[in-house]
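Notes for the one structure printed next.
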Amino acid sequence: LAAEPAPHRPAGMASSPCGSGNFDCGLEIKTRSVEQTLVPLVSQITTLINHKDKPKKSEKTLHAIQKVGQAVSAAVGRFVAVGEAIAVENEELKEEIGLACFEARRAGNAIAQLTDVVNPEHLETDGRSTVFSDRSGMVKAARMLLSSVTKVLVLADRIVIKQIITSRNKVLVTLEQLERVTTFQEFVHIFSQFGNEMVEFAHLTGDRQNDLKDEKKKARMAAARAVLEKCTMMLLTASKTCLRHPDCESARINKDTVFHRMRYALEQVIEIVTDTWPAGDSQVLPVSLYAGIKDFKVRVESLRDSLYPLPYESMAAQLEAMVEQIEDFTDSAYTSHEQREGILQLCHLTRQHTQQLIADWTCQSVKAKDATEEMELSVLKTCQSISELRRELHKVAVGRATDLLKLHSDQLTLQTLKAAGNEGNLEAVAEYARTMNEQKEQLVETCRLLCHISGTEPLEITCIHAEETFHVIGPQIISAAQTLALHPSSKIAKENLDVFCESWESQLCDMAVLLREINDVFEGRRGDKRTYLSLPRPGKHSANLKTAKAVKLDSEEQTTMAKLGLELRLLTSDVDSEVDRWEDQEHEVVRQSQSISSMAYSMYLFTRYGEQPSIVSCSVLLFFKHLFVCSNISRMLERIHCFLSHVLQALLETIFFSKADDDDDALKKFLSTVIYSHLLDMCKLMAN
């Protein structure tokens, strides 16, 4: 229709793409990839609409306008082709995407014809509308083009959401099967399938997390994915412990808690990607002290410019609400007397300055155009006192978190719990459990204080996640220790306790990172982090964006890395279990196996999560340890090969020097070849 306009309706071509009212130009864009895909198109259309309307246009200007119009039309054509292909593959969205693609093509063709201005003499004789004669038509066509293209992108984004939901549903089904298994063989088979499904789900949700525009949703997604990642290994060992000790109540409680946390985290992910929340479940965070102080300070400073009757009751009520929140600091049993007195004095000083501010404001002349000196002085004093209060709260919260991290750096409580469990000493486990509970309460309360002074809503969400994690894992460690104390000879129960302790230590590392980020925000050092934008890969359509090209893995490489990481963690657990069966724990093969397994997993942690275990603390050391692992593997392979050679020689001697004199030489040769081939395959398998 746009390509063959009626001769008597020259303006119809420009307006025809906008004739339909089915598209909303104000579509909400929730992902960075959709936003960045639209940037080049917006830039080119802006160039067309904002050209200088001079009476006389040079030939160069006309060529430039036509070139941009043709570029827009060609880009829209390629985009529509991709959109139509997506529509064919997704029947439920075929009609909507098809309509949006049709409107986009019409608008693109209209823009191309409106910018066909190389021969202005012919245009005057033809009576056709151009970007010069019909600017409103150009604006309408551009608006419809942006609306329809955005519609296609948003619909394509719904396909990504559908993929995540489908992946979640598969994980849930397998999770139900894992919960009902009764034999080790069945569990191993189903858990292998579960691992592959979790890798796929982790990849899809990781891409989605990086692509979200809303930083709060991104933080919630990160928290839910962290729960799933840590619970995967806990689910493995907790389930194995229940299978080995089916009558153990503490083991069953641990297993049920892990399954519950995984289901809850899976539901959280779906709520985030679909932007739907259960009835009554508000996603509005409670106002933190940082946000309250910031808002209070802004209101005080704005009094200089807005001279109107002050609702001083609301300002005083806001201050009292903050003082009530500060009781989390002053009422804590872990706050020192000096810190408590310092906070209370600053609260009293702020209250005095606020009252003086209200009094000065009341005395201010209604006809005054500017604030008086007394008023200005009261504003400055109130802002200064509230800022000092904020600094003191930050100092108390960060100082306590730092002290706790130093206190737990040796993990003495975890070690004593493990020792008591290995000895089967239930009384000692109960005693150390009380210490563990106290440390858990300290960490939970500290996370609550950090939430008050975090500085940003995403960091508040991370603090809440840390608080919930410590609150749940603490009792789980105690239950795992009780299980081991009841079955001190159980290797599986010991491995189970180790995994829960590792999760606790990992959360302490996360808390240290969180503490650094809170300090960065407080001191103004926090910068924007560049993230990996996944679907629909906007980098391929953003050639005119001058951004630094970061080195990153593509989707296939990320999937491979994630699978290798999960397999490596599971294999590490298998190696530890197999090594425990050796009677001679000091055997060189045993020690080398443990060393290689531990080192490989530490390297994986460093490259995958940025964690810095004590043995791998920087990139240079990472490569050094890589050479160390390769060297150890080579030496182990030499010993394995030597061992297999001795086995081969013994078997061949048994065959050749047996009493069966009628053995045929061909049979001997065949047997020796088969044996050697099998042993060689075994060697290669062990090497892999």
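Each chain of the structure tokens is named A, B, ... in the order shown, its residues numbered from 1; ligands are numbered from 1 in display order.
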Distance query stretch 388-392 of chain A at most 12 Å, only C-alpha atoms, self and fewer than 3 positions along chain excluded, as an MDAnalysis selection string | chainID A and resid 288:294 296:297 319 322:323 326 329:330 338:351 381:385 395:399 452:455 519 522:523
Give the helix (DSSP H, G or I) residues of stretch 184-412 of chain A, as DSSP finds them on the backbone, and put them as a CSV table (one decimal) with C-alpha atoms, in the first residue's frame.
```csv
chain,number,residue,atom,x,y,z
A,184,PHE,CA,20.8,-44.6,45.4
A,185,GLN,CA,20.7,-45.9,41.8
A,186,GLU,CA,17.5,-44.0,41.0
A,187,PHE,CA,18.7,-40.9,42.8
A,188,VAL,CA,22.0,-40.8,40.8
A,189,HIS,CA,20.1,-41.2,37.5
A,190,ILE,CA,17.5,-38.4,38.3
A,191,PHE,CA,20.1,-36.0,39.8
A,192,SER,CA,22.1,-36.2,36.6
A,193,GLN,CA,19.1,-35.0,34.7
A,194,PHE,CA,18.4,-32.4,37.3
A,195,GLY,CA,21.9,-31.1,37.0
A,196,ASN,CA,21.6,-30.5,33.2
A,197,GLU,CA,18.2,-28.8,33.7
A,198,MET,CA,19.6,-26.5,36.4
A,199,VAL,CA,22.5,-25.5,34.1
A,200,GLU,CA,20.1,-24.6,31.4
A,201,PHE,CA,17.9,-22.6,33.9
A,202,ALA,CA,21.0,-20.9,35.4
A,203,HIS,CA,22.1,-19.8,31.9
A,204,LEU,CA,18.6,-18.4,30.9
A,205,THR,CA,18.1,-16.6,34.2
A,206,GLY,CA,21.7,-15.2,34.2
A,207,ASP,CA,21.2,-13.6,30.8
A,208,ARG,CA,17.8,-12.2,32.0
A,209,GLN,CA,19.4,-10.8,35.2
A,210,ASN,CA,22.0,-8.9,33.3
A,211,ASP,CA,19.4,-7.7,30.8
A,215,GLU,CA,18.2,-2.5,39.4
A,216,LYS,CA,15.9,-3.8,42.2
A,217,LYS,CA,14.6,-6.6,40.1
A,218,LYS,CA,18.2,-7.4,39.1
A,219,ALA,CA,19.2,-7.6,42.8
A,220,ARG,CA,16.2,-9.9,43.6
A,221,MET,CA,17.1,-12.1,40.7
A,222,ALA,CA,20.7,-12.4,41.9
A,223,ALA,CA,19.5,-13.3,45.4
A,224,ALA,CA,17.2,-16.0,44.1
A,225,ARG,CA,19.8,-17.5,41.8
A,226,ALA,CA,22.4,-17.5,44.6
A,227,VAL,CA,20.0,-19.6,46.7
A,228,LEU,CA,19.5,-22.1,43.8
A,229,GLU,CA,23.2,-22.3,43.2
A,230,LYS,CA,24.1,-23.0,46.9
A,231,CYS,CA,21.1,-25.3,47.4
A,232,THR,CA,22.1,-27.6,44.5
A,233,MET,CA,25.0,-29.1,46.3
A,234,MET,CA,23.2,-29.1,49.6
A,235,LEU,CA,20.3,-31.0,48.0
A,236,LEU,CA,22.8,-33.6,46.7
A,237,THR,CA,24.4,-34.4,50.1
A,238,ALA,CA,21.2,-33.9,52.1
A,239,SER,CA,19.3,-36.4,49.9
A,240,LYS,CA,22.2,-38.9,50.0
A,241,THR,CA,22.3,-38.6,53.8
A,242,CYS,CA,18.5,-39.3,54.0
A,243,LEU,CA,18.9,-42.3,51.7
A,244,ARG,CA,21.7,-43.7,53.8
A,249,GLU,CA,14.9,-37.0,61.9
A,250,SER,CA,17.6,-34.3,61.7
A,251,ALA,CA,18.6,-35.5,58.2
A,252,ARG,CA,15.0,-35.4,57.1
A,253,ILE,CA,14.5,-31.9,58.4
A,254,ASN,CA,17.6,-30.7,56.5
A,255,LYS,CA,16.5,-32.3,53.3
A,256,ASP,CA,13.0,-30.8,53.6
A,257,THR,CA,14.4,-27.3,54.3
A,258,VAL,CA,16.6,-27.5,51.2
A,259,PHE,CA,13.8,-28.6,48.9
A,260,HIS,CA,11.5,-25.8,50.3
A,261,ARG,CA,14.2,-23.1,49.7
A,262,MET,CA,14.7,-24.3,46.1
A,263,ARG,CA,11.0,-24.2,45.3
A,264,TYR,CA,10.6,-20.8,46.9
A,265,ALA,CA,13.6,-19.4,44.9
A,266,LEU,CA,12.2,-20.9,41.7
A,267,GLU,CA,8.9,-19.1,42.3
A,268,GLN,CA,10.8,-15.8,43.0
A,269,VAL,CA,12.5,-16.0,39.7
A,270,ILE,CA,9.2,-16.5,37.8
A,271,GLU,CA,7.6,-13.6,39.8
A,272,ILE,CA,10.5,-11.3,38.7
A,273,VAL,CA,10.5,-12.2,35.0
A,274,THR,CA,6.7,-12.1,34.7
A,289,LEU,CA,17.3,4.9,57.7
A,290,TYR,CA,19.5,6.0,54.8
A,291,ALA,CA,16.4,6.8,52.6
A,292,GLY,CA,14.6,8.5,55.5
A,293,ILE,CA,17.6,10.7,56.3
A,294,LYS,CA,18.1,11.6,52.6
A,295,ASP,CA,14.5,12.6,52.2
A,296,PHE,CA,14.5,14.6,55.5
A,297,LYS,CA,17.6,16.5,54.4
A,298,VAL,CA,16.1,17.3,51.0
A,299,ARG,CA,13.0,18.6,52.6
A,300,VAL,CA,15.0,20.8,55.0
A,301,GLU,CA,17.1,22.3,52.2
A,302,SER,CA,14.1,22.9,50.0
A,303,LEU,CA,12.8,25.4,52.5
A,304,ARG,CA,15.1,28.0,51.2
A,312,TYR,CA,6.0,21.3,60.7
A,313,GLU,CA,4.0,18.4,62.3
A,314,SER,CA,4.9,16.2,59.3
A,315,MET,CA,8.6,17.1,59.5
A,316,ALA,CA,8.7,16.5,63.3
A,317,ALA,CA,6.8,13.2,62.8
A,318,GLN,CA,9.3,12.1,60.1
A,319,LEU,CA,12.2,12.8,62.5
A,320,GLU,CA,10.6,10.8,65.3
A,321,ALA,CA,10.0,7.9,62.9
A,322,MET,CA,13.7,7.8,62.1
A,323,VAL,CA,14.6,8.0,65.8
A,324,GLU,CA,12.3,5.0,66.3
A,325,GLN,CA,14.2,3.1,63.6
A,327,GLU,CA,16.5,1.9,68.1
A,328,ASP,CA,17.7,-1.1,66.1
A,329,PHE,CA,21.2,0.4,66.8
A,330,THR,CA,20.7,1.6,70.4
A,337,HIS,CA,28.0,1.9,75.6
A,338,GLU,CA,30.1,4.7,74.0
A,339,GLN,CA,28.5,4.1,70.6
A,340,ARG,CA,25.0,4.1,72.1
A,341,GLU,CA,25.6,7.4,73.9
A,342,GLY,CA,27.1,9.0,70.8
A,343,ILE,CA,24.0,8.0,68.7
A,344,LEU,CA,21.6,9.2,71.3
A,345,GLN,CA,23.4,12.6,71.7
A,346,LEU,CA,23.3,13.1,67.9
A,347,CYS,CA,19.5,12.3,67.9
A,348,HIS,CA,18.9,14.8,70.6
A,349,LEU,CA,21.0,17.5,68.8
A,350,THR,CA,19.1,16.8,65.5
A,351,ARG,CA,15.8,17.1,67.4
A,352,GLN,CA,16.8,20.4,68.9
A,353,HIS,CA,18.0,21.9,65.6
A,354,THR,CA,14.7,20.8,63.9
A,355,GLN,CA,12.6,22.4,66.6
A,356,GLN,CA,14.6,25.6,66.2
A,357,LEU,CA,14.2,25.4,62.4
A,358,ILE,CA,10.4,25.2,62.8
A,359,ALA,CA,10.4,28.1,65.3
A,360,ASP,CA,12.5,30.3,62.9
A,361,TRP,CA,10.1,29.3,60.0
A,362,THR,CA,7.1,30.3,62.1
A,363,CYS,CA,8.6,33.7,62.8
A,373,GLU,CA,19.9,34.8,58.2
A,374,GLU,CA,18.4,33.0,61.2
A,375,MET,CA,16.4,30.7,58.9
A,376,GLU,CA,19.5,30.0,56.8
A,377,LEU,CA,21.6,29.2,59.9
A,378,SER,CA,18.9,26.8,61.2
A,379,VAL,CA,18.8,25.0,57.9
A,380,LEU,CA,22.6,24.6,57.9
A,381,LYS,CA,22.7,23.3,61.5
A,382,THR,CA,19.8,20.8,60.9
A,383,CYS,CA,21.5,19.4,57.8
A,384,GLN,CA,24.9,19.2,59.5
A,385,SER,CA,23.5,17.3,62.5
A,386,ILE,CA,21.5,14.8,60.4
A,387,SER,CA,24.6,14.2,58.3
A,388,GLU,CA,26.7,13.6,61.4
A,389,LEU,CA,24.0,11.1,62.6
A,390,ARG,CA,24.2,9.3,59.3
A,391,ARG,CA,28.0,9.0,59.5
A,392,GLU,CA,27.8,7.7,63.1
A,393,LEU,CA,25.3,5.0,62.1
A,394,HIS,CA,27.4,4.0,59.1
A,395,LYS,CA,30.5,3.8,61.4
A,396,VAL,CA,28.7,1.6,63.9
A,397,ALA,CA,27.2,-0.8,61.4
A,398,VAL,CA,30.3,-1.2,59.2
A,399,GLY,CA,32.6,-1.5,62.3
A,400,ARG,CA,30.5,-4.3,63.7
A,401,ALA,CA,30.4,-6.1,60.4
A,402,THR,CA,34.1,-5.8,60.0
A,403,ASP,CA,34.7,-7.1,63.5
A,404,LEU,CA,32.4,-10.1,63.0
A,405,LEU,CA,34.1,-11.0,59.7
A,406,LYS,CA,37.5,-10.9,61.5
A,407,LEU,CA,36.1,-13.0,64.3
A,412,LEU,CA,36.7,-22.1,64.9
```
Separation of atom CA of A:Gln415 from atom CA of A:Ala512 in Å =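 These two atoms are separated by 20.8 Å.
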